[in-house]
Each structure stands twice: as structure tokens, then as C-alpha cells.
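What follows is a set of notes on a single structure, which appears directly below.
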Amino acid sequence: MVRLAINVDHVATVRQARRGAEPDPVTAAALAELGGAQGIVVHLREDRRHIQDRDVEILRKTVKTRLNLEMAATKEMVETALAVKPDIVTLVPEKRQELTTEGGLDVVLYEDALRSAVKTLHDGGILVSLFINPDPRQVKTAHKLDADCVELHTGMFSEARSFVQRQDEFERLETAAKLAHKLGLAILAGHGVDYQNIYWLRNLPEVEEFSIGHAVIARAMLVGMERAVREMLALLSR
């Protein structure tokens, strides 16, 4: 069955609004695992707007499933990953002015720089995923870079406002997933996945894991983290 990884960044966003100690994303991660999540995701940003170094360090000691550290491919972040040793690193694009990640990492444009980061992380014993748009050139370049996985950016699909547009975006995801699978890449997917559009996305058999943050955290505010995770898992298993 496809795995569910929960991104707890937005728990930290609420905490940082008051610069206090609560709610704690570490506690949220533990509750997500109790609800059945098979992975925990955090994005350690350059400006530390939500997740803090302290969170990543404690999560490394407490996560029982798989810790996925999202980060930019900078020297500082690579060094942080080598020190923390997450199970997997996902390299993502990052802009200070964005509210959330706006698109996939252009691995074609930044191929040379990414090659060094991927090799360094591999030498440190860390799996590497690249967060990319569902485009064949991006998939092929990720394979050339020796990435272990690709995470397909589902944002355009999630933001589609018509059936025709959603169908087109789904077909893009389907084509990219089939190509990645053919090339031997593990396939993850995420961004904007919620309790409604998962009915479409679960029909991508090549996808091994969905990374979901906002929708589950928003639901958890109303019904609790464990129940919110179980509800999403139930949708994935049908």
C-alpha cells in the first residue's frame, strides 16, 4: 500500500506566531505516527520561519518511521543534513518571499550544482530525493544526477479550476510517474494534496508515498492529529 508521510511545518508556523513553545511539531510528529503515518517531513528553511534546528535534532532522535528533511541545496543545509543524518533529504527550491514552495526544483537548469550536493549527501549515507515538476526533462535529469527518488510536484493539479485542466495535469503526473518508474527512480508526490483530490491521485500506481502537510494539519485542528491521519490513510487504502 502507498505510504503516507506527514509534513508538520504548519504546526511550527502556529508556534512561531507567538515565538513560544506550543504547539510543538515534535509532539505533532509523534501523534501522526500513532495515527499510522509512515514518515515525517520537515522543511528547514534558510530564514527558519517555522521549523527550527532544535526541532530537526529532536525529531531525528524520536521519529520511529522515516524522517525526510526538505531543504535548499546550499552549503549550510548540506552540512546540517550531514550532521543530523535524516533518513532522506529532499532538495527543493526556496525563496524568502514565497508563502509556500511555489514549484519544482529546476534540476535541468541547476544540474551542475545539484550533482555536487547529491554526491556529498550520498557519501554521507543519506538518500536523496528531488522535488520536481512532472516534466520528462526534469525526470531524466534527476536520473542523470543519481537521485534515489523524485517527488512530483502536484501543485498545478491541486490548483486546477476545471475538470479539463485537472485531467490535463493528472495526465502530466501520470506520464512523469511512468517514466520515473521505468528509469528505476522511487516516486513520491506532494503539494496541495487534500481529502478530496486524493481520490484522483491515489490512481497513480507508481507513487510509493504521498507527502501531505496543510490539509492534514488543518483537519487535525478540528478532530485531532491521530484521527486526521487515520482518515487520510483510509482514503489511500480504498
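Just remember, in the C-alpha cells the first chain shown is A, the second B, etc., residues are 1-based per chain, and ligands are 1-based in the order shown.
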
Using DSSP on the backbone, list every residue of region 11-230 of chain A that comes out as strand (DSSP E), and give them as a ChimeraX atom specification.
-> /A:39-43,67-71,88-91,127-132,149-153,186-190,209-212

Excluding region 176-183 of chain A and any residue of its chain fewer than 6 positions from it, enumerate the residues within 12 Å of it, using only C-alpha atoms, and give them as a ChimeraX atom specification.
-> /A:130,132-144,146-154,169-170,189,201,203-208

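Distance annotation: of A:Val108, A:Met225, A:Val89, A:Met232, the residue with the minimal separation from Tyr195 (chain A) is A:Met232; atom set is only C-alpha atoms.
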
Considering only C-alpha atoms, return as a PyMOL selection string whatever protein or nucleic-acid residues lie within 10 Å of Ala218 (chain A), sequence-local ones (same chain, fewer than 4 positions apart) excluded.
-> chain A and resi 10-11+213-214+222-225+228

Generate the output file for the selected residues, all heavy atoms, as a PDB file, in the first residue's frame.
ATOM      1  N   HIS A  10       3.480  23.305   9.430  1.00  0.00           N
ATOM      2  CA  HIS A  10       2.458  24.281   9.806  1.00  0.00           C
ATOM      3  C   HIS A  10       2.176  24.279  11.303  1.00  0.00           C
ATOM      4  O   HIS A  10       1.647  25.268  11.832  1.00  0.00           O
ATOM      5  CB  HIS A  10       1.180  24.047   9.013  1.00  0.00           C
ATOM      6  CG  HIS A  10       1.313  24.432   7.573  1.00  0.00           C
ATOM      7  ND1 HIS A  10       1.673  25.691   7.169  1.00  0.00           N
ATOM      8  CD2 HIS A  10       1.169  23.726   6.433  1.00  0.00           C
ATOM      9  CE1 HIS A  10       1.718  25.752   5.849  1.00  0.00           C
ATOM     10  NE2 HIS A  10       1.430  24.559   5.377  1.00  0.00           N
ATOM     11  N   VAL A  11       2.508  23.207  11.989  1.00  0.00           N
ATOM     12  CA  VAL A  11       2.429  23.214  13.444  1.00  0.00           C
ATOM     13  C   VAL A  11       3.453  24.217  13.978  1.00  0.00           C
ATOM     14  O   VAL A  11       3.161  25.020  14.883  1.00  0.00           O
ATOM     15  CB  VAL A  11       2.684  21.810  14.017  1.00  0.00           C
ATOM     16  CG1 VAL A  11       2.673  21.840  15.543  1.00  0.00           C
ATOM     17  CG2 VAL A  11       1.652  20.824  13.489  1.00  0.00           C
ATOM     18  N   GLY A 213       0.862  17.932   4.106  1.00  0.00           N
ATOM     19  CA  GLY A 213       1.020  18.790   5.268  1.00  0.00           C
ATOM     20  C   GLY A 213      -0.237  19.569   5.595  1.00  0.00           C
ATOM     21  O   GLY A 213      -0.988  19.216   6.497  1.00  0.00           O
ATOM     22  N   HIS A 214      -0.492  20.630   4.823  1.00  0.00           N
ATOM     23  CA  HIS A 214      -1.527  21.588   5.180  1.00  0.00           C
ATOM     24  C   HIS A 214      -2.892  20.956   5.415  1.00  0.00           C
ATOM     25  O   HIS A 214      -3.562  21.251   6.417  1.00  0.00           O
ATOM     26  CB  HIS A 214      -1.624  22.663   4.089  1.00  0.00           C
ATOM     27  CG  HIS A 214      -2.574  23.763   4.426  1.00  0.00           C
ATOM     28  ND1 HIS A 214      -3.911  23.735   4.055  1.00  0.00           N
ATOM     29  CD2 HIS A 214      -2.393  24.916   5.106  1.00  0.00           C
ATOM     30  CE1 HIS A 214      -4.502  24.831   4.490  1.00  0.00           C
ATOM     31  NE2 HIS A 214      -3.618  25.572   5.128  1.00  0.00           N
ATOM     32  N   LEU A 222      -9.252  20.422  14.061  1.00  0.00           N
ATOM     33  CA  LEU A 222     -10.664  20.205  14.375  1.00  0.00           C
ATOM     34  C   LEU A 222     -10.938  18.857  15.025  1.00  0.00           C
ATOM     35  O   LEU A 222     -11.797  18.746  15.895  1.00  0.00           O
ATOM     36  CB  LEU A 222     -11.503  20.331  13.099  1.00  0.00           C
ATOM     37  CG  LEU A 222     -11.375  21.656  12.337  1.00  0.00           C
ATOM     38  CD1 LEU A 222     -12.211  21.612  11.059  1.00  0.00           C
ATOM     39  CD2 LEU A 222     -11.778  22.825  13.201  1.00  0.00           C
ATOM     40  N   VAL A 223     -10.211  17.826  14.602  1.00  0.00           N
ATOM     41  CA  VAL A 223     -10.541  16.474  15.074  1.00  0.00           C
ATOM     42  C   VAL A 223      -9.373  15.779  15.773  1.00  0.00           C
ATOM     43  O   VAL A 223      -9.533  14.663  16.269  1.00  0.00           O
ATOM     44  CB  VAL A 223     -11.033  15.592  13.909  1.00  0.00           C
ATOM     45  CG1 VAL A 223     -12.230  16.224  13.213  1.00  0.00           C
ATOM     46  CG2 VAL A 223      -9.917  15.328  12.895  1.00  0.00           C
ATOM     47  N   GLY A 224      -8.198  16.418  15.804  1.00  0.00           N
ATOM     48  CA  GLY A 224      -7.033  15.780  16.403  1.00  0.00           C
ATOM     49  C   GLY A 224      -6.145  15.128  15.356  1.00  0.00           C
ATOM     50  O   GLY A 224      -6.624  14.683  14.307  1.00  0.00           O
ATOM     51  N   MET A 225      -4.860  15.077  15.646  1.00  0.00           N
ATOM     52  CA  MET A 225      -3.883  14.589  14.676  1.00  0.00           C
ATOM     53  C   MET A 225      -4.083  13.113  14.336  1.00  0.00           C
ATOM     54  O   MET A 225      -4.068  12.731  13.158  1.00  0.00           O
ATOM     55  CB  MET A 225      -2.460  14.811  15.199  1.00  0.00           C
ATOM     56  CG  MET A 225      -1.370  14.333  14.254  1.00  0.00           C
ATOM     57  SD  MET A 225      -1.326  15.267  12.699  1.00  0.00           S
ATOM     58  CE  MET A 225      -0.387  16.688  13.251  1.00  0.00           C
ATOM     59  N   ALA A 228      -7.069  12.652  12.074  1.00  0.00           N
ATOM     60  CA  ALA A 228      -6.848  13.248  10.754  1.00  0.00           C
ATOM     61  C   ALA A 228      -5.961  12.354   9.892  1.00  0.00           C
ATOM     62  O   ALA A 228      -6.202  12.191   8.692  1.00  0.00           O
ATOM     63  CB  ALA A 228      -6.209  14.626  10.906  1.00  0.00           C
TER      64      ALA A 228
END

By how many Å are CA of Arg66 (chain A) and CA of Met221 (chain A) apart?
->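 Result for CA of Arg66 (chain A) versus CA of Met221 (chain A): 23.6 Å, one decimal.
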
Write out as a list in words which residues come within 8 Å of Leu91 (chain A) when counting only C-alpha atoms, dropping same-chain ones fewer than 5 positions away.
->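 Here the qualifying residues turn out to be Glu70, Met71, Ala72, Ala73, Leu105, Val128, Ser129, Leu130 and Phe131 of chain A.
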
Length of the CA of Val63 (chain A) to CA of Leu173 (chain A) vector [Å] =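 Those two atoms sit 29.9 Å apart.
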
Skipping near chain neighbours, those fewer than 2 positions away, what residues fall within 10 Å of region 47-57 of chain A using only C-alpha atoms, listed as a ChimeraX atom specification?
-> /A:8-17,19,24-26,41-45,59-62,67-69,80-81,83-86,95-96

Between CA of Val164 (chain A) and CA of Gln196 (chain A), distance in Å (one decimal) =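 Spanning CA of Val164 (chain A) to CA of Gln196 (chain A) is a straight-line distance of 16.8 Å.
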
Within 10 Å of Ala32 (chain A), counting only C-alpha atoms, which residues show up once you throw out same-chain ones fewer than 4 positions away? Write them as number ranges by chain, please.
-> A: 4-8, 26-28, 36-40, 216-217, 220, 224-230

Please return, as a compact mmCIF listing (two decimals) with N, CA, C and O atoms, in the first residue's frame, all residues of region 107-197 of chain A that DSSP assigns to alpha helix (DSSP H) on the basis of the backbone.
# COMPACT_ATOMS: atom_id res chain seq x y z
N GLU A 111 21.72 21.63 -12.88
CA GLU A 111 22.26 20.28 -12.89
C GLU A 111 23.65 20.20 -12.27
O GLU A 111 23.94 19.33 -11.44
N ASP A 112 24.55 21.08 -12.68
CA ASP A 112 25.93 21.00 -12.21
C ASP A 112 26.03 21.22 -10.70
O ASP A 112 26.73 20.49 -10.00
N ALA A 113 25.34 22.22 -10.20
CA ALA A 113 25.39 22.50 -8.76
C ALA A 113 24.75 21.37 -7.96
O ALA A 113 25.25 21.00 -6.88
N LEU A 114 23.68 20.81 -8.46
CA LEU A 114 22.98 19.75 -7.75
C LEU A 114 23.80 18.46 -7.71
O LEU A 114 23.73 17.71 -6.74
N ARG A 115 24.57 18.22 -8.75
CA ARG A 115 25.37 17.00 -8.80
C ARG A 115 26.31 16.92 -7.59
O ARG A 115 26.47 15.87 -6.96
N SER A 116 26.91 18.04 -7.24
CA SER A 116 27.81 18.07 -6.10
C SER A 116 27.07 17.81 -4.80
O SER A 116 27.53 17.04 -3.94
N ALA A 117 25.90 18.43 -4.63
CA ALA A 117 25.12 18.25 -3.41
C ALA A 117 24.65 16.81 -3.26
O ALA A 117 24.73 16.22 -2.17
N VAL A 118 24.17 16.22 -4.35
CA VAL A 118 23.70 14.83 -4.31
C VAL A 118 24.84 13.88 -3.93
O VAL A 118 24.67 13.00 -3.08
N LYS A 119 26.00 14.09 -4.54
CA LYS A 119 27.14 13.22 -4.25
C LYS A 119 27.57 13.35 -2.78
O LYS A 119 27.86 12.34 -2.11
N THR A 120 27.63 14.57 -2.28
CA THR A 120 28.04 14.78 -0.89
C THR A 120 27.08 14.10 0.08
O THR A 120 27.50 13.47 1.05
N LEU A 121 25.79 14.23 -0.18
CA LEU A 121 24.80 13.59 0.68
C LEU A 121 24.88 12.06 0.59
O LEU A 121 24.80 11.37 1.60
N HIS A 122 25.07 11.55 -0.61
CA HIS A 122 25.25 10.10 -0.77
C HIS A 122 26.48 9.61 -0.03
O HIS A 122 26.45 8.56 0.63
N ASP A 123 27.57 10.36 -0.13
CA ASP A 123 28.80 9.99 0.57
C ASP A 123 28.58 9.96 2.09
O ASP A 123 29.27 9.23 2.81
N PRO A 136 9.08 15.42 -18.34
CA PRO A 136 10.03 14.37 -18.71
C PRO A 136 11.49 14.80 -18.63
O PRO A 136 12.35 14.02 -18.21
N ARG A 137 11.80 16.05 -19.02
CA ARG A 137 13.20 16.51 -18.96
C ARG A 137 13.69 16.56 -17.52
O ARG A 137 14.84 16.22 -17.23
N GLN A 138 12.82 16.98 -16.62
CA GLN A 138 13.20 17.04 -15.22
C GLN A 138 13.43 15.63 -14.66
O GLN A 138 14.38 15.38 -13.92
N VAL A 139 12.57 14.70 -15.03
CA VAL A 139 12.71 13.32 -14.57
C VAL A 139 14.01 12.71 -15.10
O VAL A 139 14.77 12.08 -14.34
N LYS A 140 14.29 12.90 -16.37
CA LYS A 140 15.51 12.33 -16.96
C LYS A 140 16.77 12.92 -16.33
O LYS A 140 17.75 12.20 -16.08
N THR A 141 16.74 14.22 -16.05
CA THR A 141 17.91 14.84 -15.43
C THR A 141 18.08 14.37 -13.99
O THR A 141 19.20 14.17 -13.53
N ALA A 142 16.97 14.19 -13.26
CA ALA A 142 17.06 13.65 -11.90
C ALA A 142 17.72 12.28 -11.92
O ALA A 142 18.55 11.96 -11.05
N HIS A 143 17.40 11.49 -12.91
CA HIS A 143 18.03 10.18 -13.06
C HIS A 143 19.53 10.32 -13.35
O HIS A 143 20.36 9.60 -12.78
N LYS A 144 19.89 11.27 -14.22
CA LYS A 144 21.31 11.52 -14.53
C LYS A 144 22.08 11.95 -13.29
O LYS A 144 23.27 11.66 -13.16
N GLY A 155 1.20 20.53 -7.27
CA GLY A 155 0.55 21.83 -7.07
C GLY A 155 -0.35 22.26 -8.22
O GLY A 155 -1.47 22.74 -7.99
N MET A 156 0.12 22.13 -9.46
CA MET A 156 -0.70 22.56 -10.60
C MET A 156 -1.97 21.72 -10.69
O MET A 156 -3.04 22.23 -11.02
N PHE A 157 -1.85 20.43 -10.40
CA PHE A 157 -3.04 19.56 -10.37
C PHE A 157 -3.99 20.03 -9.28
O PHE A 157 -5.21 20.17 -9.50
N SER A 158 -3.46 20.27 -8.09
CA SER A 158 -4.30 20.63 -6.95
C SER A 158 -5.00 21.96 -7.15
O SER A 158 -6.10 22.18 -6.62
N PHE A 163 -12.49 20.68 -14.74
CA PHE A 163 -12.25 19.25 -14.92
C PHE A 163 -11.21 19.02 -16.01
O PHE A 163 -10.33 18.17 -15.88
N VAL A 164 -11.31 19.77 -17.10
CA VAL A 164 -10.37 19.59 -18.22
C VAL A 164 -8.94 19.91 -17.78
O VAL A 164 -8.00 19.15 -18.08
N GLN A 165 -8.78 21.00 -17.03
CA GLN A 165 -7.44 21.37 -16.56
C GLN A 165 -6.91 20.31 -15.60
O GLN A 165 -5.74 19.93 -15.66
N ARG A 166 -7.77 19.83 -14.72
CA ARG A 166 -7.33 18.80 -13.76
C ARG A 166 -6.95 17.52 -14.49
O ARG A 166 -5.97 16.86 -14.14
N GLN A 167 -7.72 17.14 -15.49
CA GLN A 167 -7.40 15.95 -16.27
C GLN A 167 -6.06 16.09 -16.97
O GLN A 167 -5.24 15.17 -16.97
N ASP A 168 -5.80 17.27 -17.54
CA ASP A 168 -4.51 17.52 -18.20
C ASP A 168 -3.36 17.40 -17.22
O ASP A 168 -2.32 16.79 -17.53
N GLU A 169 -3.51 17.99 -16.05
CA GLU A 169 -2.44 17.95 -15.05
C GLU A 169 -2.25 16.54 -14.51
O GLU A 169 -1.12 16.12 -14.23
N PHE A 170 -3.35 15.80 -14.38
CA PHE A 170 -3.23 14.41 -13.93
C PHE A 170 -2.45 13.59 -14.95
O PHE A 170 -1.60 12.76 -14.58
N GLU A 171 -2.72 13.81 -16.21
CA GLU A 171 -2.01 13.08 -17.26
C GLU A 171 -0.52 13.42 -17.26
O GLU A 171 0.32 12.54 -17.53
N ARG A 172 -0.17 14.67 -16.96
CA ARG A 172 1.24 15.05 -16.83
C ARG A 172 1.90 14.27 -15.69
O ARG A 172 3.02 13.77 -15.83
N LEU A 173 1.21 14.19 -14.58
CA LEU A 173 1.72 13.43 -13.44
C LEU A 173 1.87 11.95 -13.78
O LEU A 173 2.87 11.31 -13.44
N GLU A 174 0.87 11.42 -14.47
CA GLU A 174 0.88 10.01 -14.85
C GLU A 174 2.06 9.70 -15.77
O GLU A 174 2.77 8.71 -15.59
N THR A 175 2.30 10.57 -16.76
CA THR A 175 3.41 10.37 -17.70
C THR A 175 4.75 10.44 -16.98
O THR A 175 5.64 9.60 -17.21
N ALA A 176 4.89 11.42 -16.11
CA ALA A 176 6.15 11.58 -15.36
C ALA A 176 6.39 10.39 -14.44
O ALA A 176 7.52 9.90 -14.31
N ALA A 177 5.34 9.92 -13.79
CA ALA A 177 5.48 8.79 -12.87
C ALA A 177 5.89 7.52 -13.61
O ALA A 177 6.75 6.76 -13.15
N LYS A 178 5.30 7.29 -14.76
CA LYS A 178 5.63 6.10 -15.54
C LYS A 178 7.09 6.16 -16.01
O LYS A 178 7.81 5.15 -15.99
N LEU A 179 7.53 7.34 -16.44
CA LEU A 179 8.92 7.49 -16.89
C LEU A 179 9.89 7.28 -15.73
O LEU A 179 10.90 6.58 -15.88
N ALA A 180 9.60 7.90 -14.59
CA ALA A 180 10.47 7.74 -13.43
C ALA A 180 10.58 6.28 -13.01
O ALA A 180 11.66 5.78 -12.67
N HIS A 181 9.44 5.60 -13.04
CA HIS A 181 9.43 4.17 -12.68
C HIS A 181 10.28 3.37 -13.67
O HIS A 181 11.07 2.49 -13.27
N LYS A 182 10.16 3.68 -14.94
CA LYS A 182 10.93 2.98 -15.97
C LYS A 182 12.43 3.19 -15.76
O LYS A 182 13.24 2.28 -16.02
